[in-house]
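Asker: I'm passing along my_file.tsv; it holds TSV, N, CA and C atoms.
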chain	number	residue	atom	x	y	z
A	1	MET	N	-20.82	35.74	-24.57
A	1	MET	CA	-19.73	34.79	-24.43
A	1	MET	C	-18.88	35.12	-23.21
A	2	ILE	N	-18.51	36.40	-23.08
A	2	ILE	CA	-17.68	36.81	-21.95
A	2	ILE	C	-18.43	36.58	-20.65
A	3	LEU	N	-19.70	36.95	-20.60
A	3	LEU	CA	-20.49	36.76	-19.39
A	3	LEU	C	-20.58	35.28	-19.04
A	4	ALA	N	-20.76	34.43	-20.03
A	4	ALA	CA	-20.83	32.98	-19.77
A	4	ALA	C	-19.52	32.48	-19.19
A	5	THR	N	-18.39	32.96	-19.70
A	5	THR	CA	-17.08	32.56	-19.18
A	5	THR	C	-16.93	32.97	-17.73
A	6	VAL	N	-17.32	34.20	-17.42
A	6	VAL	CA	-17.22	34.69	-16.04
A	6	VAL	C	-18.14	33.88	-15.14
A	7	LEU	N	-19.34	33.61	-15.58
A	7	LEU	CA	-20.27	32.84	-14.76
A	7	LEU	C	-19.79	31.42	-14.54
A	8	LEU	N	-19.21	30.81	-15.54
A	8	LEU	CA	-18.68	29.45	-15.38
A	8	LEU	C	-17.53	29.43	-14.39
A	9	ALA	N	-16.65	30.42	-14.47
A	9	ALA	CA	-15.52	30.47	-13.55
A	9	ALA	C	-16.00	30.75	-12.14
A	10	ALA	N	-16.97	31.62	-11.99
A	10	ALA	CA	-17.50	31.94	-10.67
A	10	ALA	C	-18.21	30.73	-10.07
A	11	GLY	N	-18.66	29.80	-10.89
A	11	GLY	CA	-19.31	28.60	-10.39
A	11	GLY	C	-18.38	27.68	-9.63
A	12	ALA	N	-17.09	27.94	-9.68
A	12	ALA	CA	-16.13	27.12	-8.94
A	12	ALA	C	-16.28	27.30	-7.45
A	13	LEU	N	-16.82	28.41	-7.03
A	13	LEU	CA	-17.05	28.70	-5.62
A	13	LEU	C	-18.53	28.97	-5.40
A	14	PRO	N	-19.03	28.69	-4.21
A	14	PRO	CA	-20.44	29.03	-3.95
A	14	PRO	C	-20.64	30.53	-4.01
A	15	PRO	N	-21.86	30.99	-4.33
A	15	PRO	CA	-22.09	32.44	-4.37
A	15	PRO	C	-21.94	33.03	-2.98
A	16	VAL	N	-21.33	34.21	-2.91
A	16	VAL	CA	-21.09	34.82	-1.61
A	16	VAL	C	-21.71	36.20	-1.48
A	17	ILE	N	-22.29	36.73	-2.53
A	17	ILE	CA	-22.88	38.06	-2.47
A	17	ILE	C	-24.39	37.92	-2.57
A	18	ALA	N	-25.08	38.59	-1.67
A	18	ALA	CA	-26.54	38.50	-1.65
A	18	ALA	C	-27.12	39.09	-2.92
A	19	ASP	N	-28.10	38.43	-3.45
A	19	ASP	CA	-28.85	38.93	-4.60
A	19	ASP	C	-30.16	39.48	-4.04
A	20	PRO	N	-30.42	40.77	-4.17
A	20	PRO	CA	-31.63	41.34	-3.56
A	20	PRO	C	-32.93	40.72	-4.07
A	21	ARG	N	-32.86	40.02	-5.18
A	21	ARG	CA	-34.07	39.39	-5.72
A	21	ARG	C	-34.44	38.11	-4.98
A	22	VAL	N	-33.47	37.51	-4.27
A	22	VAL	CA	-33.76	36.24	-3.60
A	22	VAL	C	-33.53	36.29	-2.09
A	23	GLY	N	-33.26	37.46	-1.55
A	23	GLY	CA	-33.10	37.59	-0.10
A	23	GLY	C	-31.66	37.64	0.33
A	24	PRO	N	-31.44	37.56	1.63
A	24	PRO	CA	-30.08	37.70	2.16
A	24	PRO	C	-29.19	36.51	1.81
A	25	SER	N	-27.90	36.74	1.85
A	25	SER	CA	-26.94	35.69	1.56
A	25	SER	C	-26.91	34.67	2.70
A	26	PRO	N	-26.75	33.39	2.38
A	26	PRO	CA	-26.62	32.38	3.43
A	26	PRO	C	-25.21	32.34	4.03
A	27	TRP	N	-24.33	33.23	3.56
A	27	TRP	CA	-22.96	33.31	4.07
A	27	TRP	C	-22.91	34.35	5.19
A	28	VAL	N	-21.93	34.21	6.08
A	28	VAL	CA	-21.75	35.13	7.20
A	28	VAL	C	-20.35	35.74	7.12
A	29	ILE	N	-20.28	37.07	7.33
A	29	ILE	CA	-18.97	37.73	7.41
A	29	ILE	C	-18.51	37.66	8.85
A	30	VAL	N	-17.29	37.17	9.06
A	30	VAL	CA	-16.73	37.00	10.39
A	30	VAL	C	-15.68	38.08	10.61
A	31	ALA	N	-15.99	39.03	11.49
A	31	ALA	CA	-15.06	40.12	11.80
A	31	ALA	C	-13.95	39.60	12.71
A	32	PRO	N	-12.77	40.25	12.69
A	32	PRO	CA	-11.68	39.80	13.55
A	32	PRO	C	-12.04	39.79	15.04
A	33	ALA	N	-12.88	40.70	15.47
A	33	ALA	CA	-13.29	40.75	16.88
A	33	ALA	C	-14.82	40.72	16.92
A	34	GLY	N	-15.35	40.37	18.05
A	34	GLY	CA	-16.80	40.37	18.19
A	34	GLY	C	-17.35	39.00	18.52
A	35	GLU	N	-18.65	38.87	18.36
A	35	GLU	CA	-19.33	37.63	18.72
A	35	GLU	C	-18.99	36.50	17.75
A	36	ALA	N	-19.12	35.28	18.25
A	36	ALA	CA	-18.92	34.11	17.40
A	36	ALA	C	-20.04	34.08	16.36
A	37	PRO	N	-19.73	33.71	15.13
A	37	PRO	CA	-20.74	33.70	14.08
A	37	PRO	C	-21.73	32.56	14.25
A	38	ALA	N	-22.92	32.77	13.74
A	38	ALA	CA	-23.95	31.74	13.73
A	38	ALA	C	-23.63	30.73	12.63
A	39	ALA	N	-24.29	29.59	12.68
A	39	ALA	CA	-24.12	28.59	11.63
A	39	ALA	C	-24.54	29.20	10.29
A	40	ALA	N	-23.80	28.89	9.24
A	40	ALA	CA	-24.07	29.48	7.93
A	40	ALA	C	-23.66	28.52	6.83
A	41	ALA	N	-24.04	28.88	5.61
A	41	ALA	CA	-23.66	28.09	4.44
A	41	ALA	C	-22.17	28.23	4.13
A	42	GLY	N	-21.58	29.34	4.57
A	42	GLY	CA	-20.17	29.61	4.35
A	42	GLY	C	-19.75	30.81	5.17
A	43	TYR	N	-18.44	30.98	5.33
A	43	TYR	CA	-17.92	32.08	6.15
A	43	TYR	C	-16.91	32.89	5.36
A	44	LEU	N	-17.08	34.21	5.40
A	44	LEU	CA	-16.11	35.15	4.85
A	44	LEU	C	-15.37	35.72	6.04
A	45	VAL	N	-14.12	35.32	6.22
A	45	VAL	CA	-13.34	35.67	7.40
A	45	VAL	C	-12.43	36.84	7.07
A	46	GLU	N	-12.60	37.94	7.80
A	46	GLU	CA	-11.73	39.11	7.59
A	46	GLU	C	-10.36	38.84	8.19
A	47	LEU	N	-9.32	39.05	7.41
A	47	LEU	CA	-7.95	38.86	7.87
A	47	LEU	C	-7.55	40.09	8.67
A	48	PRO	N	-7.23	39.94	9.96
A	48	PRO	CA	-6.88	41.11	10.77
A	48	PRO	C	-5.48	41.62	10.45
A	49	ALA	N	-5.21	42.85	10.85
A	49	ALA	CA	-3.88	43.43	10.67
A	49	ALA	C	-2.85	42.65	11.48
A	50	ALA	N	-3.24	42.24	12.69
A	50	ALA	CA	-2.36	41.45	13.56
A	50	ALA	C	-3.13	40.22	14.02
A	51	ILE	N	-2.60	39.05	13.70
A	51	ILE	CA	-3.27	37.80	14.06
A	51	ILE	C	-3.03	37.51	15.53
A	52	ASN	N	-4.12	37.23	16.28
A	52	ASN	CA	-3.98	36.91	17.70
A	52	ASN	C	-4.59	35.54	17.99
A	53	GLN	N	-4.44	35.08	19.23
A	53	GLN	CA	-4.89	33.75	19.60
A	53	GLN	C	-6.41	33.56	19.45
A	54	ALA	N	-7.18	34.56	19.84
A	54	ALA	CA	-8.64	34.46	19.75
A	54	ALA	C	-9.08	34.29	18.29
A	55	TRP	N	-8.46	35.04	17.39
A	55	TRP	CA	-8.80	34.93	15.98
A	55	TRP	C	-8.44	33.54	15.44
A	56	LEU	N	-7.26	33.04	15.83
A	56	LEU	CA	-6.84	31.72	15.39
A	56	LEU	C	-7.79	30.63	15.89
A	57	GLU	N	-8.23	30.74	17.15
A	57	GLU	CA	-9.15	29.74	17.70
A	57	GLU	C	-10.48	29.75	16.95
A	58	ARG	N	-10.97	30.95	16.63
A	58	ARG	CA	-12.22	31.05	15.87
A	58	ARG	C	-12.04	30.45	14.48
A	59	LEU	N	-10.91	30.71	13.85
A	59	LEU	CA	-10.63	30.17	12.53
A	59	LEU	C	-10.59	28.64	12.55
A	60	VAL	N	-9.93	28.07	13.54
A	60	VAL	CA	-9.86	26.61	13.65
A	60	VAL	C	-11.26	26.03	13.85
A	61	GLU	N	-12.08	26.69	14.66
A	61	GLU	CA	-13.45	26.23	14.89
A	61	GLU	C	-14.25	26.25	13.58
A	62	LEU	N	-14.15	27.34	12.82
A	62	LEU	CA	-14.88	27.44	11.55
A	62	LEU	C	-14.39	26.41	10.54
A	63	ALA	N	-13.07	26.25	10.47
A	63	ALA	CA	-12.49	25.33	9.50
A	63	ALA	C	-12.84	23.88	9.83
A	64	GLY	N	-13.19	23.59	11.09
A	64	GLY	CA	-13.55	22.24	11.48
A	64	GLY	C	-14.95	21.85	11.08
A	65	GLY	N	-15.75	22.80	10.63
A	65	GLY	CA	-17.13	22.51	10.22
A	65	GLY	C	-17.21	22.10	8.76
A	66	ASP	N	-18.44	21.97	8.29
A	66	ASP	CA	-18.67	21.54	6.91
A	66	ASP	C	-18.75	22.70	5.91
A	67	ALA	N	-18.92	23.93	6.41
A	67	ALA	CA	-19.09	25.09	5.53
A	67	ALA	C	-17.74	25.59	5.02
A	68	PRO	N	-17.70	26.09	3.78
A	68	PRO	CA	-16.44	26.64	3.26
A	68	PRO	C	-16.05	27.92	3.99
A	69	VAL	N	-14.73	28.14	4.08
A	69	VAL	CA	-14.17	29.32	4.75
A	69	VAL	C	-13.32	30.07	3.73
A	70	VAL	N	-13.68	31.34	3.48
A	70	VAL	CA	-12.96	32.17	2.53
A	70	VAL	C	-12.39	33.36	3.28
A	71	VAL	N	-11.09	33.63	3.11
A	71	VAL	CA	-10.48	34.78	3.77
A	71	VAL	C	-10.64	36.00	2.87
A	72	LEU	N	-10.96	37.14	3.50
A	72	LEU	CA	-11.09	38.41	2.80
A	72	LEU	C	-9.94	39.31	3.22
A	73	GLY	N	-9.26	39.90	2.27
A	73	GLY	CA	-8.20	40.83	2.61
A	73	GLY	C	-6.98	40.59	1.75
A	74	THR	N	-5.84	40.85	2.32
A	74	THR	CA	-4.60	40.65	1.60
A	74	THR	C	-4.20	39.19	1.70
A	75	GLU	N	-3.11	38.84	1.11
A	75	GLU	CA	-2.64	37.47	1.11
A	75	GLU	C	-2.36	36.98	2.53
A	76	PRO	N	-2.94	35.85	2.95
A	76	PRO	CA	-2.69	35.34	4.30
A	76	PRO	C	-1.30	34.71	4.40
A	77	PRO	N	-0.76	34.61	5.60
A	77	PRO	CA	0.51	33.90	5.77
A	77	PRO	C	0.36	32.45	5.29
A	78	ALA	N	1.42	31.89	4.77
A	78	ALA	CA	1.37	30.54	4.20
A	78	ALA	C	0.94	29.50	5.22
A	79	ASN	N	1.29	29.68	6.49
A	79	ASN	CA	0.93	28.67	7.49
A	79	ASN	C	-0.56	28.69	7.84
A	80	LEU	N	-1.31	29.68	7.37
A	80	LEU	CA	-2.76	29.72	7.59
A	80	LEU	C	-3.53	29.13	6.42
A	81	ALA	N	-2.90	28.97	5.27
A	81	ALA	CA	-3.59	28.52	4.07
A	81	ALA	C	-4.39	27.23	4.26
A	82	PRO	N	-3.93	26.24	5.04
A	82	PRO	CA	-4.72	25.01	5.17
A	82	PRO	C	-6.11	25.21	5.78
A	83	TYR	N	-6.35	26.34	6.44
A	83	TYR	CA	-7.64	26.57	7.07
A	83	TYR	C	-8.66	27.20	6.12
A	84	PHE	N	-8.24	27.63	4.94
A	84	PHE	CA	-9.12	28.33	4.02
A	84	PHE	C	-9.47	27.48	2.82
A	85	ASP	N	-10.65	27.74	2.25
A	85	ASP	CA	-11.07	27.09	1.02
A	85	ASP	C	-10.86	28.00	-0.18
A	86	ALA	N	-10.67	29.30	0.06
A	86	ALA	CA	-10.41	30.26	-1.02
A	86	ALA	C	-9.95	31.57	-0.39
A	87	VAL	N	-9.41	32.45	-1.21
A	87	VAL	CA	-8.92	33.75	-0.77
A	87	VAL	C	-9.51	34.81	-1.67
A	88	ALA	N	-10.16	35.82	-1.09
A	88	ALA	CA	-10.70	36.94	-1.85
A	88	ALA	C	-9.82	38.15	-1.57
A	89	LEU	N	-9.07	38.59	-2.56
A	89	LEU	CA	-8.11	39.68	-2.37
A	89	LEU	C	-8.77	41.03	-2.52
A	90	ASP	N	-8.44	41.95	-1.61
A	90	ASP	CA	-9.01	43.30	-1.71
A	90	ASP	C	-8.23	44.16	-2.70
A	91	ARG	N	-7.01	43.79	-3.00
A	91	ARG	CA	-6.23	44.46	-4.03
A	91	ARG	C	-5.81	43.41	-5.04
A	92	VAL	N	-5.91	43.73	-6.30
A	92	VAL	CA	-5.56	42.78	-7.34
A	92	VAL	C	-4.06	42.84	-7.58
A	93	PRO	N	-3.38	41.71	-7.42
A	93	PRO	CA	-1.95	41.72	-7.74
A	93	PRO	C	-1.74	41.81	-9.24
A	94	ASP	N	-0.53	42.08	-9.65
A	94	ASP	CA	-0.17	42.09	-11.05
A	94	ASP	C	-0.60	40.76	-11.67
A	95	PRO	N	-1.29	40.78	-12.81
A	95	PRO	CA	-1.74	39.51	-13.41
A	95	PRO	C	-0.63	38.48	-13.57
A	96	ALA	N	0.59	38.94	-13.82
A	96	ALA	CA	1.70	38.01	-13.98
A	96	ALA	C	2.02	37.29	-12.66
A	97	ALA	N	1.59	37.88	-11.53
A	97	ALA	CA	1.91	37.30	-10.22
A	97	ALA	C	0.82	36.36	-9.70
A	98	LEU	N	-0.34	36.30	-10.36
A	98	LEU	CA	-1.44	35.48	-9.86
A	98	LEU	C	-1.09	34.00	-9.78
A	99	ALA	N	-0.48	33.46	-10.82
A	99	ALA	CA	-0.16	32.03	-10.82
A	99	ALA	C	0.85	31.72	-9.73
A	100	GLU	N	1.84	32.57	-9.56
A	100	GLU	CA	2.85	32.36	-8.51
A	100	GLU	C	2.21	32.47	-7.13
A	101	LEU	N	1.29	33.41	-6.96
A	101	LEU	CA	0.58	33.58	-5.69
A	101	LEU	C	-0.25	32.33	-5.37
A	102	ARG	N	-0.93	31.79	-6.36
A	102	ARG	CA	-1.69	30.55	-6.15
A	102	ARG	C	-0.79	29.42	-5.71
A	103	GLY	N	0.40	29.35	-6.26
A	103	GLY	CA	1.37	28.33	-5.85
A	103	GLY	C	1.77	28.49	-4.40
A	104	ARG	N	2.02	29.73	-3.98
A	104	ARG	CA	2.40	30.00	-2.58
A	104	ARG	C	1.27	29.67	-1.62
A	105	LEU	N	0.02	29.79	-2.09
A	105	LEU	CA	-1.14	29.51	-1.24
A	105	LEU	C	-1.63	28.07	-1.40
A	106	GLY	N	-0.81	27.21	-1.95
A	106	GLY	CA	-1.16	25.81	-2.06
A	106	GLY	C	-2.27	25.52	-3.05
A	107	GLY	N	-2.44	26.39	-4.04
A	107	GLY	CA	-3.47	26.16	-5.06
A	107	GLY	C	-4.86	26.62	-4.67
A	108	LEU	N	-5.01	27.35	-3.57
A	108	LEU	CA	-6.33	27.85	-3.19
A	108	LEU	C	-6.90	28.71	-4.30
A	109	PRO	N	-8.20	28.60	-4.58
A	109	PRO	CA	-8.80	29.52	-5.56
A	109	PRO	C	-8.67	30.96	-5.07
A	110	ILE	N	-8.33	31.85	-5.97
A	110	ILE	CA	-8.20	33.27	-5.65
A	110	ILE	C	-9.32	34.02	-6.35
A	111	VAL	N	-10.07	34.80	-5.59
A	111	VAL	CA	-11.16	35.60	-6.11
A	111	VAL	C	-10.69	37.05	-6.17
A	112	VAL	N	-10.82	37.68	-7.33
A	112	VAL	CA	-10.39	39.07	-7.49
A	112	VAL	C	-11.50	39.87	-8.16
A	113	PRO	N	-11.52	41.18	-7.94
A	113	PRO	CA	-12.52	42.02	-8.61
A	113	PRO	C	-12.06	42.40	-10.01
A	114	ALA	N	-13.02	42.76	-10.85
A	114	ALA	CA	-12.75	43.28	-12.19
A	114	ALA	C	-13.82	44.31	-12.51
A	115	SER	N	-13.47	45.29	-13.33
A	115	SER	CA	-14.43	46.35	-13.64
A	115	SER	C	-15.27	46.06	-14.88
A	116	ASP	N	-14.83	45.12	-15.72
A	116	ASP	CA	-15.62	44.79	-16.91
A	116	ASP	C	-15.29	43.37	-17.36
A	117	GLY	N	-16.00	42.91	-18.37
A	117	GLY	CA	-15.84	41.55	-18.86
A	117	GLY	C	-14.46	41.25	-19.40
A	118	ALA	N	-13.89	42.19	-20.13
A	118	ALA	CA	-12.57	41.96	-20.71
A	118	ALA	C	-11.51	41.82	-19.62
A	119	GLU	N	-11.60	42.68	-18.61
A	119	GLU	CA	-10.66	42.59	-17.49
A	119	GLU	C	-10.86	41.27	-16.74
A	120	ALA	N	-12.10	40.84	-16.59
A	120	ALA	CA	-12.39	39.58	-15.90
A	120	ALA	C	-11.78	38.40	-16.64
A	121	VAL	N	-11.94	38.36	-17.95
A	121	VAL	CA	-11.39	37.26	-18.74
A	121	VAL	C	-9.86	37.25	-18.63
A	122	GLY	N	-9.25	38.43	-18.65
A	122	GLY	CA	-7.80	38.53	-18.50
A	122	GLY	C	-7.32	38.00	-17.16
A	123	ARG	N	-8.06	38.29	-16.10
A	123	ARG	CA	-7.67	37.83	-14.77
A	123	ARG	C	-7.89	36.33	-14.61
A	124	LEU	N	-8.94	35.81	-15.23
A	124	LEU	CA	-9.16	34.36	-15.20
A	124	LEU	C	-8.02	33.66	-15.96
A	125	ALA	N	-7.62	34.21	-17.09
A	125	ALA	CA	-6.54	33.63	-17.87
A	125	ALA	C	-5.22	33.70	-17.11
A	126	ALA	N	-5.06	34.71	-16.24
A	126	ALA	CA	-3.83	34.87	-15.49
A	126	ALA	C	-3.75	33.94	-14.28
A	127	GLY	N	-4.87	33.31	-13.92
A	127	GLY	CA	-4.81	32.36	-12.81
A	127	GLY	C	-5.82	32.57	-11.71
A	128	ALA	N	-6.68	33.59	-11.81
A	128	ALA	CA	-7.71	33.77	-10.78
A	128	ALA	C	-8.69	32.62	-10.85
A	129	GLY	N	-9.17	32.17	-9.70
A	129	GLY	CA	-10.14	31.09	-9.65
A	129	GLY	C	-11.55	31.58	-9.97
A	130	ALA	N	-11.83	32.82	-9.60
A	130	ALA	CA	-13.13	33.44	-9.86
A	130	ALA	C	-12.94	34.95	-9.87
A	131	VAL	N	-13.86	35.64	-10.54
A	131	VAL	CA	-13.79	37.09	-10.67
A	131	VAL	C	-15.16	37.66	-10.36
A	132	LEU	N	-15.18	38.71	-9.54
A	132	LEU	CA	-16.42	39.44	-9.27
A	132	LEU	C	-16.43	40.70	-10.13
A	133	VAL	N	-17.39	40.81	-11.02
A	133	VAL	CA	-17.44	41.96	-11.94
A	133	VAL	C	-18.44	42.96	-11.41
What would the structure in this file look like if it were written as structure tokens?

Answerer:
Amino acid sequence: MILATVLLAAGALPPVIADPRVGPSPWVIVAPAGEAPAAAAGYLVELPAAINQAWLERLVELAGGDAPVVVLGTEPPANLAPYFDAVALDRVPDPAALAELRGRLGGLPIVVPASDGAEAVGRLAAGAGAVLV
């Protein structure tokens, strides 16, 4: 039952982690610096410590395509939220703060990690859009 709940919630976003049984992920991780990413099914964009013009231009280019764009890292500034389709947090905020955080991010789905099924269900109930167990 718990696994089914987690899988249903995770279905809100396309899969982003490669399953070794089916080959590499069709998603691309976009580093703050480096080469422009190739076309992909989706983009995981690393949020840099300091946002610069080159990073913003790359983000606008990715957001203009058809593939979903998910930011990886801490909470992005509110003025960047329109460019993202979801946010994957590297640190889990207090469960009581998840709903408020979603409000500040304009309702973007928030993906958070969990160590077991019970923790995952608790985070989904607190407002996470998806949980990686």

Asker: Can you pull out the residues contacting Pro77 in chain A? Cut-off 12 Å, using only C-alpha atoms, and skip same-chain residues under 6 positions away; I want them as a list in words.

Answerer: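 Counting only the stated atoms, we get Leu47, Pro48, Ala49, Ala50, Ile51, Val71, Tyr83, Phe84, Val87, Leu101, Arg104, Leu105 and Gly106 of chain A.
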
Asker: For range 62-70 of chain A, work out the shell of residues within 6 Å, counting only N, CA and C atoms and skipping chain neighbours fewer than 5 positions away, then give it as a PDB file with N, CA and C atoms, in the coordinates of the input.

Answerer:
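Ended up saving to part20.pdb:
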ATOM      1  N   ALA A  40     -23.800  28.890   9.240  1.00  0.00           N
ATOM      2  CA  ALA A  40     -24.070  29.480   7.930  1.00  0.00           C
ATOM      3  C   ALA A  40     -23.660  28.520   6.830  1.00  0.00           C
ATOM      4  N   ALA A  41     -24.040  28.880   5.610  1.00  0.00           N
ATOM      5  CA  ALA A  41     -23.660  28.090   4.440  1.00  0.00           C
ATOM      6  C   ALA A  41     -22.170  28.230   4.130  1.00  0.00           C
ATOM      7  N   GLY A  42     -21.580  29.340   4.570  1.00  0.00           N
ATOM      8  CA  GLY A  42     -20.170  29.610   4.350  1.00  0.00           C
ATOM      9  C   GLY A  42     -19.750  30.810   5.170  1.00  0.00           C
ATOM     10  N   TYR A  43     -18.440  30.980   5.330  1.00  0.00           N
ATOM     11  CA  TYR A  43     -17.920  32.080   6.150  1.00  0.00           C
ATOM     12  C   TYR A  43     -16.910  32.890   5.360  1.00  0.00           C
ATOM     13  N   LEU A  44     -17.080  34.210   5.400  1.00  0.00           N
ATOM     14  CA  LEU A  44     -16.110  35.150   4.850  1.00  0.00           C
ATOM     15  C   LEU A  44     -15.370  35.720   6.040  1.00  0.00           C
ATOM     16  N   VAL A  45     -14.120  35.320   6.220  1.00  0.00           N
ATOM     17  CA  VAL A  45     -13.340  35.670   7.400  1.00  0.00           C
ATOM     18  C   VAL A  45     -12.430  36.840   7.070  1.00  0.00           C
ATOM     19  N   TYR A  83      -6.350  26.340   6.440  1.00  0.00           N
ATOM     20  CA  TYR A  83      -7.640  26.570   7.070  1.00  0.00           C
ATOM     21  C   TYR A  83      -8.660  27.200   6.120  1.00  0.00           C
ATOM     22  N   PHE A  84      -8.240  27.630   4.940  1.00  0.00           N
ATOM     23  CA  PHE A  84      -9.120  28.330   4.020  1.00  0.00           C
ATOM     24  C   PHE A  84      -9.470  27.480   2.820  1.00  0.00           C
ATOM     25  N   ASP A  85     -10.650  27.740   2.250  1.00  0.00           N
ATOM     26  CA  ASP A  85     -11.070  27.090   1.020  1.00  0.00           C
ATOM     27  C   ASP A  85     -10.860  28.000  -0.180  1.00  0.00           C
ATOM     28  N   ALA A  86     -10.670  29.300   0.060  1.00  0.00           N
ATOM     29  CA  ALA A  86     -10.410  30.260  -1.020  1.00  0.00           C
ATOM     30  C   ALA A  86      -9.950  31.570  -0.390  1.00  0.00           C
ATOM     31  N   VAL A  87      -9.410  32.450  -1.210  1.00  0.00           N
ATOM     32  CA  VAL A  87      -8.920  33.750  -0.770  1.00  0.00           C
ATOM     33  C   VAL A  87      -9.510  34.810  -1.670  1.00  0.00           C
ATOM     34  N   ALA A  88     -10.160  35.820  -1.090  1.00  0.00           N
ATOM     35  CA  ALA A  88     -10.700  36.940  -1.850  1.00  0.00           C
ATOM     36  C   ALA A  88      -9.820  38.150  -1.570  1.00  0.00           C
TER      37      ALA A  88
END

Asker: Would you give me, as a ChimeraX atom specification, the residues in chain A that DSSP reads as strand (DSSP E or B)?

Answerer: /A:19,23,27-30,42-46,69-73,86-89,110-113,130-132

Asker: Next, write the just-selected residues to a file, as a compact mmCIF listing (two decimals), in the coordinates of the input, keeping N, CA and C atoms as the atom set.

Answerer:
# COMPACT_ATOMS: atom_id res chain seq x y z
N ASP A 19 -28.10 38.43 -3.45
CA ASP A 19 -28.85 38.93 -4.60
C ASP A 19 -30.16 39.48 -4.04
N GLY A 23 -33.26 37.46 -1.55
CA GLY A 23 -33.10 37.59 -0.10
C GLY A 23 -31.66 37.64 0.33
N TRP A 27 -24.33 33.23 3.56
CA TRP A 27 -22.96 33.31 4.07
C TRP A 27 -22.91 34.35 5.19
N VAL A 28 -21.93 34.21 6.08
CA VAL A 28 -21.75 35.13 7.20
C VAL A 28 -20.35 35.74 7.12
N ILE A 29 -20.28 37.07 7.33
CA ILE A 29 -18.97 37.73 7.41
C ILE A 29 -18.51 37.66 8.85
N VAL A 30 -17.29 37.17 9.06
CA VAL A 30 -16.73 37.00 10.39
C VAL A 30 -15.68 38.08 10.61
N GLY A 42 -21.58 29.34 4.57
CA GLY A 42 -20.17 29.61 4.35
C GLY A 42 -19.75 30.81 5.17
N TYR A 43 -18.44 30.98 5.33
CA TYR A 43 -17.92 32.08 6.15
C TYR A 43 -16.91 32.89 5.36
N LEU A 44 -17.08 34.21 5.40
CA LEU A 44 -16.11 35.15 4.85
C LEU A 44 -15.37 35.72 6.04
N VAL A 45 -14.12 35.32 6.22
CA VAL A 45 -13.34 35.67 7.40
C VAL A 45 -12.43 36.84 7.07
N GLU A 46 -12.60 37.94 7.80
CA GLU A 46 -11.73 39.11 7.59
C GLU A 46 -10.36 38.84 8.19
N VAL A 69 -14.73 28.14 4.08
CA VAL A 69 -14.17 29.32 4.75
C VAL A 69 -13.32 30.07 3.73
N VAL A 70 -13.68 31.34 3.48
CA VAL A 70 -12.96 32.17 2.53
C VAL A 70 -12.39 33.36 3.28
N VAL A 71 -11.09 33.63 3.11
CA VAL A 71 -10.48 34.78 3.77
C VAL A 71 -10.64 36.00 2.87
N LEU A 72 -10.96 37.14 3.50
CA LEU A 72 -11.09 38.41 2.80
C LEU A 72 -9.94 39.31 3.22
N GLY A 73 -9.26 39.90 2.27
CA GLY A 73 -8.20 40.83 2.61
C GLY A 73 -6.98 40.59 1.75
N ALA A 86 -10.67 29.30 0.06
CA ALA A 86 -10.41 30.26 -1.02
C ALA A 86 -9.95 31.57 -0.39
N VAL A 87 -9.41 32.45 -1.21
CA VAL A 87 -8.92 33.75 -0.77
C VAL A 87 -9.51 34.81 -1.67
N ALA A 88 -10.16 35.82 -1.09
CA ALA A 88 -10.70 36.94 -1.85
C ALA A 88 -9.82 38.15 -1.57
N LEU A 89 -9.07 38.59 -2.56
CA LEU A 89 -8.11 39.68 -2.37
C LEU A 89 -8.77 41.03 -2.52
N ILE A 110 -8.33 31.85 -5.97
CA ILE A 110 -8.20 33.27 -5.65
C ILE A 110 -9.32 34.02 -6.35
N VAL A 111 -10.07 34.80 -5.59
CA VAL A 111 -11.16 35.60 -6.11
C VAL A 111 -10.69 37.05 -6.17
N VAL A 112 -10.82 37.68 -7.33
CA VAL A 112 -10.39 39.07 -7.49
C VAL A 112 -11.50 39.87 -8.16
N PRO A 113 -11.52 41.18 -7.94
CA PRO A 113 -12.52 42.02 -8.61
C PRO A 113 -12.06 42.40 -10.01
N ALA A 130 -11.83 32.82 -9.60
CA ALA A 130 -13.13 33.44 -9.86
C ALA A 130 -12.94 34.95 -9.87
N VAL A 131 -13.86 35.64 -10.54
CA VAL A 131 -13.79 37.09 -10.67
C VAL A 131 -15.16 37.66 -10.36
N LEU A 132 -15.18 38.71 -9.54
CA LEU A 132 -16.42 39.44 -9.27
C LEU A 132 -16.43 40.70 -10.13

Asker: Mind pulling up the distance from CA of Val28 in chain A to CA of Gly103 in chain A?

Answerer: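 CA of Val28 in chain A lies at a distance of 27.4 Å from CA of Gly103 in chain A.
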
Asker: Extending 8 Å beyond the listed atoms of range 29-42 of chain A on each side, what axis-aligned box results? I want centre and edge lengths in Å to one decimal, as JSON.

Answerer:
{"center_x": -18.1, "center_y": 34.4, "center_z": 11.4, "size_x": 28.9, "size_y": 28.7, "size_z": 30.6}

Asker: Could you produce a table of the residues of range 14-115 of chain A lying within 6 Å of range 125-130 of chain A, with the nearest pair of atoms per residue and their separation in Å rounded to one decimal, using all atoms listed in the file, ordered by chain and increasing residue number, as a Markdown table?

Answerer:
| residue | atom | partner | partner_atom | distance |
| --- | --- | --- | --- | --- |
| A:Pro95 | C | A:Ala126 | CA | 5.2 |
| A:Leu98 | C | A:Gly127 | CA | 5.1 |
| A:Ala99 | N | A:Ala126 | C | 4.8 |
| A:Pro109 | CA | A:Gly129 | CA | 4.6 |
| A:Ile110 | C | A:Gly129 | N | 3.8 |
| A:Val111 | CA | A:Ala130 | C | 4.2 |
| A:Val112 | N | A:Ala130 | C | 4.3 |
